[in-house]
Amino acid sequence: IRPYVYVNYGGEQVMVRIIVSMNMVQKQESIDRAYQYSAKTVSCHDPSIFKDTDGTYYIFGTHLVMASSTDLINWTDNTYDFRMSFTEETRALIKEWNADNTVDSWYGYLWAPDVIYNENLGKYCMYLSANGDSWISNIVMLTADTVTGPYSYAGTVVYGGFTSSTWGSTDVAEVLGVSELPQRYITNGVENRKWGDEYPNCIDPCVLYDDDGNLWMSYGSWSGGIFMLKLDNNTGLRDTNVSYETNAHSDAYFGQKIAGGKYVSGEASYIQKVGDYYYLFISYGNLEAAGGYNMRIFRSETINGPYVDALGNSAFYDKYEFNYNQSIGVRLMGGYKWRYSSVGQVAQGHNSAFVDDDGNAYVVYHTRTNNGSEMHYVKVHRLVVNEDGWILALPYQTHEDSDPGSVAASEIAGKYDVILHELDIDYKNLEVKVPEIMTLNEDGTISGTFTGSWTYDEATGYAHITIGDVEYHGVFVKQYIETSTLETVVFTALGVENQLTLWGSKRTE
């Protein structure tokens, strides 16, 4: 601020210039103690959700972290007992292919497990990444009679990082029906430091059934991209009766590529059917707090693609691009901070998702904060579907959210805290988007920081919010403000022209 003041001094007019520098920070708002709600969270990196037959939710994460919950809000850490249930024999069999000896613990190289119940086997099946150096990685399958274990080694689904001298220890010869390692795995191989030009790091499995009851596994990370394999329902391992072409988007051994490639960032694939579409989640960026980690979504009518975003962009990358803040892929959320929060949420990612018994869908992910540490914890948000069939996360962590169509039209008008999740965010400096004030007027106009118009369909909960020349299609519901029992009207919406996410929370004062 540079105000200029004119005064008379010594018979002359004098201009006095004052320079004032102010760092303005949005005031943190407090919630009355009568409405405060505390939740018991847990630190679980790369959480994969599973709901058992008794209604208990379990999450399994990197380094064999495991926790349980009955409400998706309060979690009990069961990691110690879970790790101790692995026998020395099972530990050795998991380690057999992997060459990573740099970790301090026997589970330090084990990443991102995913658990599913296989009805044909009558077993709980855990698919687990055994990550090593130079792409020497594999995904193993373990089985158990209960979801909490103990789990035993059942086999390896896919191997990565093999060379002309080590491929004999894998199933490549059996799968491809060859007696010599194909030249492509040597030319673009580990020894030439070119493996990642074409082939995946075999980590981050996601296993699911399609609508026809067929079992599939997506996997991969950065490097060659995200691949998919058909599994055998009776064994839970690779279906060797299915063959794949070898081309730019497929490989005879690794299966069909569905996303990524050419070292473009992208990991933690997770596929979930919601409504009419299979949705592919991928995390872009680096996982550190200042790494720009963020969740992206593509969708397809068939489980193995092709997957596209809301603007029709393909999930494939056929050349290297720096995509952390890129507009390809619907970003579920970016860094943000509500007025009531003491810290902002950053680097949200490596999620799982599921549809509960009542038909409600949820996304489960780990988040870091902008407090300067690398501490992380699990959050769960409900997913809703807008009129265009795109899934959107509700603004607050789930806590008895209402359903679309439950908010009366008379409850909509009012003043809202609004966060527009713009792509251009300074993640390296832990930037978070903070709320702007926007008023939805009863006459259908919008005033405040943003101006435009809005409409609402009470029967469906669908809303059109137009800001400037961009129309957002979203849903109104009621949620409890996070960490409280104070309920308010919220909305989540997606830009039709820019596929940016817009969140709103009606102010309660």
# chains A, B, ... in the order shown; residues from 1 in each chain; ligands from 1
$ residues_around --residues "A:Tyr284" --least-positions-apart "6" --cutoff "12 Å" --atoms "only C-alpha atoms" --output "PyMOL selection string"
chain A and resi 221-222+225+259-260+263-269+291-297+315+321-334+347-351
$ atom_distance --atom1 "atom CA of A:Val42" --atom2 "atom CA of A:Gly372"
18.9 Å
$ closest_residue --among "A:Val140, A:Ile19, A:Met126, A:Ile59" --to "A:Asn98" --atoms "only C-alpha atoms"
A:Val140
$ residues_around --residues "A:Gly448" --least-positions-apart "2" --cutoff "6 Å" --atoms "only C-alpha atoms" --output "number ranges by chain"
A: 437-439, 450
$ closest_residue --among "A:Ala92, A:Ala353, A:Ala34, A:Ala289" --to "A:Leu208" --atoms "only C-alpha atoms"
A:Ala353
$ closest_residue --among "A:Phe281, A:Tyr377, A:Tyr480, A:Tyr317" --to "A:His45" --atoms "only C-alpha atoms"
A:Tyr377
$ residues_around --residues "A:Leu383" --least-positions-apart "4" --cutoff "7 Å" --atoms "only C-alpha atoms" --output "list of chain:residue names"
A:Ala361, A:Tyr362, A:Val363, A:Ile391, A:Leu392, A:Ala393, A:Leu394
$ write_last_selection --atoms "N, CA, C and O atoms" --output "mmCIF file, in the first residue's frame"
data_model
loop_
_atom_site.group_PDB
_atom_site.id
_atom_site.type_symbol
_atom_site.label_atom_id
_atom_site.label_comp_id
_atom_site.auth_asym_id
_atom_site.auth_seq_id
_atom_site.Cartn_x
_atom_site.Cartn_y
_atom_site.Cartn_z
ATOM 1 N N ALA A 361 -20.733 -44.211 -2.268
ATOM 2 C CA ALA A 361 -19.334 -44.404 -2.643
ATOM 3 C C ALA A 361 -18.436 -43.489 -1.818
ATOM 4 O O ALA A 361 -18.841 -42.391 -1.417
ATOM 5 N N TYR A 362 -17.193 -43.951 -1.586
ATOM 6 C CA TYR A 362 -16.250 -43.204 -0.761
ATOM 7 C C TYR A 362 -14.853 -43.289 -1.359
ATOM 8 O O TYR A 362 -14.483 -44.275 -2.000
ATOM 9 N N VAL A 363 -14.068 -42.244 -1.111
ATOM 10 C CA VAL A 363 -12.657 -42.250 -1.444
ATOM 11 C C VAL A 363 -11.868 -42.213 -0.145
ATOM 12 O O VAL A 363 -12.208 -41.471 0.794
ATOM 13 N N ILE A 391 -17.854 -38.366 -10.792
ATOM 14 C CA ILE A 391 -17.812 -38.446 -9.336
ATOM 15 C C ILE A 391 -17.039 -37.259 -8.777
ATOM 16 O O ILE A 391 -16.026 -36.824 -9.332
ATOM 17 N N LEU A 392 -17.548 -36.730 -7.661
ATOM 18 C CA LEU A 392 -16.965 -35.578 -6.984
ATOM 19 C C LEU A 392 -16.896 -35.874 -5.500
ATOM 20 O O LEU A 392 -17.799 -36.511 -4.938
ATOM 21 N N ALA A 393 -15.853 -35.409 -4.848
ATOM 22 C CA ALA A 393 -15.720 -35.584 -3.412
ATOM 23 C C ALA A 393 -16.455 -34.469 -2.683
ATOM 24 O O ALA A 393 -16.365 -33.296 -3.067
ATOM 25 N N LEU A 394 -17.184 -34.820 -1.623
ATOM 26 C CA LEU A 394 -17.788 -33.796 -0.787
ATOM 27 C C LEU A 394 -16.693 -33.044 -0.028
ATOM 28 O O LEU A 394 -15.612 -33.584 0.228
#
$ atom_distance --atom1 "atom CA of A:Phe86" --atom2 "atom CA of A:Asp133"
23.7 Å
